Amino acid sequence: MPDGFVVSNGIAPPPFDLPLPDKPELITSNALRLNELIKNPRHKQLFDGLIKHMHEFAQETQITTEEWMTAIQFLTKVGQTVTPLRQEFILLSDVLGFSAYVDAINNPPVDGATESSVLGPFFTEDAKDIGHGESIASEGKGDYMFVEGKVLSATDGSPVSGAVIETWETDGNGSYDNQYEDRTEPDCRGRLRSNEKGEFAYRAVVPIAYPIPADGPVGDLLLTLNRHNMRPAHLHLMVKAEGYRTLVTALYFEGDKWVQSDAVFGSKKSLVVPMKEVNNEDEAHAKGFKNSSKFKYVTYDLKLVPL
């Protein structure tokens, strides 16, 4: 058989009659009737909703054939931009607020618990283990920052010991380590554990606001929408502990000019925290900072939901 030759998929015509459409509404009803052939109930629910909302969108906006084709061409470019290291479709989902919305409905706020935030594309599995108070960043990667807090149960406030905390951030240039082509080892990321009192502490650098990729179709879309492509500075945290729901979150900082209009809608009110400035040589040295008496100080308790 020649390459590219198209063959039937072997599925017979439906066992019911479908009226030949003479108005748009019949196209919708026929598509929904065909969904009755779907064997998986969840798949049927998803595609019923997708078809209804897509057709309603077309009707409501009276979309033109030219606009439809522009959208098809745009999505084609999005797909062509995807590589093993770049997921332009996720980026599109992000800037439309869809990623954050899916995260929000799948991780609804629980009274007393730390809210979730988007994982983002820069998490890696190779973070180094560090001890209490040690640094996730090599020297010279940015302005000093010290982070500490406790891991607690959201129900009764009891300490959670032995929780594994993965944390990662940009350097002082606004780049993650895995954005550098000459990366040889993890930097500005680390893995630590809470102690018997639930306490954790580590040295880091002050993360910097940064632009999401603007050199592809999603970047062009933001220009069309007259929207910026900046993410506010933030510090990622992922916390795992036996008997508790895994928490994926991030801390954002008061005073950041981008925090209210995060390009991917990741920032949340409860996750915006103060960053205190400290200028004390003895305290800086006691915390392990070698080359300056100045550092930023952030404290935040991470409250987990029991399973």
# chains A, B, ... in the order shown; residues from 1 in each chain; ligands from 1
>>> residues_around(residues="A:Leu247", least_positions_apart="6", cutoff="12 Å", atoms="only C-alpha atoms", output="PyMOL selection string")
chain A and resi 103+107-110+113-119+151-154+163-167+236-241+302-307
>>> write_last_selection(atoms="N, CA and C atoms", output="short mmCIF file (atom, residue, chain, number, x, y, z; two decimals), in the first residue's frame")
data_model
loop_
_atom_site.label_atom_id
_atom_site.label_comp_id
_atom_site.auth_asym_id
_atom_site.auth_seq_id
_atom_site.Cartn_x
_atom_site.Cartn_y
_atom_site.Cartn_z
N ASP A 103 -5.83 24.05 37.67
CA ASP A 103 -5.17 23.84 38.96
C ASP A 103 -6.09 24.25 40.11
N ASN A 107 -7.51 21.75 42.94
CA ASN A 107 -6.90 21.95 44.25
C ASN A 107 -7.61 23.10 44.95
N PRO A 108 -8.90 22.91 45.26
CA PRO A 108 -9.66 24.01 45.88
C PRO A 108 -9.08 24.37 47.24
N PRO A 109 -9.21 25.64 47.62
CA PRO A 109 -8.69 26.06 48.93
C PRO A 109 -9.32 25.26 50.06
N VAL A 110 -8.50 24.84 50.99
CA VAL A 110 -8.97 24.15 52.19
C VAL A 110 -8.66 25.06 53.37
N ALA A 113 -5.14 25.70 54.95
CA ALA A 113 -4.06 25.08 54.17
C ALA A 113 -3.43 26.09 53.21
N THR A 114 -2.18 25.86 52.88
CA THR A 114 -1.50 26.69 51.88
C THR A 114 -2.09 26.41 50.51
N GLU A 115 -2.38 27.47 49.76
CA GLU A 115 -2.95 27.31 48.43
C GLU A 115 -1.90 26.82 47.45
N SER A 116 -2.36 26.18 46.41
CA SER A 116 -1.47 25.70 45.36
C SER A 116 -1.18 26.80 44.36
N SER A 117 -0.18 26.56 43.51
CA SER A 117 0.10 27.42 42.37
C SER A 117 0.63 26.52 41.26
N VAL A 118 0.76 27.08 40.07
CA VAL A 118 1.18 26.26 38.92
C VAL A 118 2.61 25.76 39.10
N LEU A 119 2.85 24.54 38.63
CA LEU A 119 4.18 23.93 38.73
C LEU A 119 5.19 24.68 37.86
N VAL A 151 6.65 23.32 58.39
CA VAL A 151 5.66 22.51 57.70
C VAL A 151 4.70 22.01 58.76
N LEU A 152 3.41 22.35 58.59
CA LEU A 152 2.42 22.07 59.62
C LEU A 152 1.20 21.36 59.02
N SER A 153 0.49 20.66 59.87
CA SER A 153 -0.80 20.10 59.46
C SER A 153 -1.82 21.23 59.42
N ALA A 154 -2.60 21.27 58.35
CA ALA A 154 -3.60 22.34 58.21
C ALA A 154 -4.77 22.15 59.17
N ALA A 163 9.20 16.08 56.15
CA ALA A 163 8.60 16.46 54.86
C ALA A 163 9.72 16.80 53.88
N VAL A 164 9.58 16.33 52.65
CA VAL A 164 10.56 16.60 51.61
C VAL A 164 10.14 17.87 50.87
N ILE A 165 11.02 18.86 50.86
CA ILE A 165 10.72 20.15 50.25
C ILE A 165 11.63 20.34 49.05
N GLU A 166 11.05 20.38 47.87
CA GLU A 166 11.79 20.73 46.65
C GLU A 166 11.56 22.23 46.41
N THR A 167 12.64 22.96 46.17
CA THR A 167 12.50 24.39 45.93
C THR A 167 13.41 24.81 44.79
N HIS A 236 9.51 28.76 43.93
CA HIS A 236 8.73 27.53 43.84
C HIS A 236 9.00 26.62 45.04
N LEU A 237 7.94 25.92 45.48
CA LEU A 237 8.05 24.92 46.54
C LEU A 237 7.12 23.75 46.24
N MET A 238 7.65 22.56 46.39
CA MET A 238 6.83 21.35 46.30
C MET A 238 7.11 20.53 47.55
N VAL A 239 6.05 20.20 48.30
CA VAL A 239 6.21 19.56 49.60
C VAL A 239 5.50 18.21 49.59
N LYS A 240 6.24 17.17 49.97
CA LYS A 240 5.67 15.83 50.06
C LYS A 240 5.91 15.29 51.47
N ALA A 241 4.86 14.74 52.04
CA ALA A 241 4.99 14.14 53.37
C ALA A 241 4.01 12.99 53.48
N LEU A 302 4.23 26.36 55.70
CA LEU A 302 3.57 25.55 54.69
C LEU A 302 2.62 24.58 55.37
N LYS A 303 1.32 24.72 55.11
CA LYS A 303 0.30 23.96 55.83
C LYS A 303 -0.33 22.94 54.89
N LEU A 304 -0.17 21.66 55.25
CA LEU A 304 -0.56 20.56 54.38
C LEU A 304 -1.91 19.97 54.78
N VAL A 305 -2.59 19.41 53.78
CA VAL A 305 -3.90 18.78 53.97
C VAL A 305 -3.71 17.28 54.20
N PRO A 306 -4.17 16.77 55.33
CA PRO A 306 -4.06 15.31 55.55
C PRO A 306 -4.89 14.54 54.52
N LEU A 307 -4.42 13.34 54.19
CA LEU A 307 -5.17 12.46 53.28
C LEU A 307 -6.35 11.83 54.00
#
>>> select_by_dssp(residues="stretch 83-124 of chain A", states="helix (DSSP H, G or I)", output="VMD selection string")
chain A and resid 88 to 95 98 to 106
>>> atom_distance(atom1="atom CA of A:Leu221", atom2="atom CA of A:Val102")
21.2 Å
>>> residues_around(residues="stretch 39-54 of chain A", least_positions_apart="4", cutoff="12 Å", atoms="only C-alpha atoms", output="count of residues only")
17
>>> closest_residue(among="A:Asp171, A:Asp282, A:Glu196, A:Asp182", to="A:Asp143", atoms="only C-alpha atoms")
A:Asp171
>>> closest_residue(among="A:Asn173, A:Thr76, A:Thr249, A:Ser261", to="A:Asn229", atoms="only C-alpha atoms")
A:Ser261
>>> closest_residue(among="A:Pro232, A:Gly79, A:Pro274, A:Gly172", to="A:Asp256", atoms="only C-alpha atoms")
A:Pro232
>>> select_by_dssp(residues="stretch 203-237 of chain A", states="strand (DSSP E)", output="list in words")
Arg203, Ala204, Val205, Tyr210, Pro211, Met230, Arg231, His234, Leu235, His236 and Leu237 of chain A
>>> write_last_selection(atoms="N, CA, C and O atoms", output="mmCIF file, in the first residue's frame")
data_model
loop_
_atom_site.group_PDB
_atom_site.id
_atom_site.type_symbol
_atom_site.label_atom_id
_atom_site.label_comp_id
_atom_site.auth_asym_id
_atom_site.auth_seq_id
_atom_site.Cartn_x
_atom_site.Cartn_y
_atom_site.Cartn_z
ATOM 1 N N ARG A 203 19.377 28.987 52.502
ATOM 2 C CA ARG A 203 19.848 30.196 51.844
ATOM 3 C C ARG A 203 19.534 30.104 50.360
ATOM 4 O O ARG A 203 19.563 29.027 49.768
ATOM 5 N N ALA A 204 19.224 31.239 49.763
ATOM 6 C CA ALA A 204 18.881 31.294 48.349
ATOM 7 C C ALA A 204 19.332 32.644 47.805
ATOM 8 O O ALA A 204 20.145 33.339 48.442
ATOM 9 N N VAL A 205 18.855 33.001 46.649
ATOM 10 C CA VAL A 205 19.071 34.343 46.115
ATOM 11 C C VAL A 205 17.702 34.963 45.827
ATOM 12 O O VAL A 205 16.702 34.256 45.707
ATOM 13 N N TYR A 210 10.641 37.736 35.272
ATOM 14 C CA TYR A 210 11.221 37.353 33.978
ATOM 15 C C TYR A 210 10.135 37.220 32.922
ATOM 16 O O TYR A 210 8.953 36.998 33.248
ATOM 17 N N PRO A 211 10.504 37.348 31.655
ATOM 18 C CA PRO A 211 9.522 37.195 30.575
ATOM 19 C C PRO A 211 9.346 35.733 30.183
ATOM 20 O O PRO A 211 10.308 34.967 30.151
ATOM 21 N N MET A 230 5.357 39.196 31.209
ATOM 22 C CA MET A 230 6.188 39.088 32.407
ATOM 23 C C MET A 230 5.529 38.239 33.497
ATOM 24 O O MET A 230 4.313 38.324 33.732
ATOM 25 N N ARG A 231 6.363 37.455 34.144
ATOM 26 C CA ARG A 231 5.968 36.760 35.361
ATOM 27 C C ARG A 231 6.609 37.486 36.541
ATOM 28 O O ARG A 231 7.766 37.891 36.480
ATOM 29 N N HIS A 234 9.196 34.921 41.896
ATOM 30 C CA HIS A 234 8.560 33.932 42.764
ATOM 31 C C HIS A 234 9.534 32.828 43.125
ATOM 32 O O HIS A 234 10.555 32.625 42.460
ATOM 33 N N LEU A 235 9.183 32.132 44.175
ATOM 34 C CA LEU A 235 9.985 31.027 44.693
ATOM 35 C C LEU A 235 9.117 29.779 44.710
ATOM 36 O O LEU A 235 8.096 29.734 45.394
ATOM 37 N N HIS A 236 9.510 28.759 43.934
ATOM 38 C CA HIS A 236 8.729 27.527 43.842
ATOM 39 C C HIS A 236 9.000 26.616 45.041
ATOM 40 O O HIS A 236 10.139 26.505 45.511
ATOM 41 N N LEU A 237 7.940 25.916 45.479
ATOM 42 C CA LEU A 237 8.054 24.924 46.541
ATOM 43 C C LEU A 237 7.124 23.753 46.236
ATOM 44 O O LEU A 237 5.968 23.954 45.849
#
>>> residues_around(residues="A:Ala263", least_positions_apart="4", cutoff="12 Å", atoms="only C-alpha atoms", output="JSON, numbers by chain")
{"A": [91, 92, 93, 94, 95, 96, 97, 98, 99, 100, 209, 210, 211, 212, 213, 214, 218, 219, 222, 225, 226, 227, 228, 229, 230, 231, 232, 233, 258, 259, 267]}
>>> atom_distance(atom1="atom CA of A:Lys197", atom2="atom CA of A:Ala284")
23.6 Å
>>> closest_residue(among="A:Ala104, A:Leu223, A:Val160, A:Ile208", to="A:Lys268", atoms="only C-alpha atoms")
A:Ala104
>>> residues_around(residues="A:Asp177", least_positions_apart="2", cutoff="8 Å", atoms="only C-alpha atoms", output="list in words")
Thr170, Asp171, Ser175, Gln179, Tyr180, Arg183, Pro186, Asp187 and Cys188 of chain A
>>> write_last_selection(atoms="N, CA and C atoms", output="mmCIF file, in the first residue's frame")
data_model
loop_
_atom_site.group_PDB
_atom_site.id
_atom_site.type_symbol
_atom_site.label_atom_id
_atom_site.label_comp_id
_atom_site.auth_asym_id
_atom_site.auth_seq_id
_atom_site.Cartn_x
_atom_site.Cartn_y
_atom_site.Cartn_z
ATOM 1 N N THR A 170 14.667 31.421 39.942
ATOM 2 C CA THR A 170 15.593 32.025 38.985
ATOM 3 C C THR A 170 16.823 32.536 39.723
ATOM 4 N N ASP A 171 17.879 32.769 38.960
ATOM 5 C CA ASP A 171 19.038 33.460 39.511
ATOM 6 C C ASP A 171 18.821 34.966 39.407
ATOM 7 N N SER A 175 16.901 33.962 35.127
ATOM 8 C CA SER A 175 16.925 32.707 34.359
ATOM 9 C C SER A 175 17.035 31.515 35.299
ATOM 10 N N GLN A 179 17.853 26.754 31.726
ATOM 11 C CA GLN A 179 17.770 27.592 30.535
ATOM 12 C C GLN A 179 19.155 27.890 29.958
ATOM 13 N N TYR A 180 20.187 27.526 30.699
ATOM 14 C CA TYR A 180 21.556 27.746 30.240
ATOM 15 C C TYR A 180 22.051 26.527 29.471
ATOM 16 N N ARG A 183 24.765 24.271 31.200
ATOM 17 C CA ARG A 183 24.443 23.738 32.528
ATOM 18 C C ARG A 183 25.128 22.400 32.745
ATOM 19 N N PRO A 186 22.740 21.133 38.823
ATOM 20 C CA PRO A 186 21.647 21.989 39.286
ATOM 21 C C PRO A 186 22.146 23.171 40.101
ATOM 22 N N ASP A 187 21.477 24.297 39.961
ATOM 23 C CA ASP A 187 21.802 25.497 40.723
ATOM 24 C C ASP A 187 20.515 26.275 40.951
ATOM 25 N N CYS A 188 20.475 26.999 42.036
ATOM 26 C CA CYS A 188 19.259 27.738 42.433
ATOM 27 C C CYS A 188 18.074 26.790 42.570
#
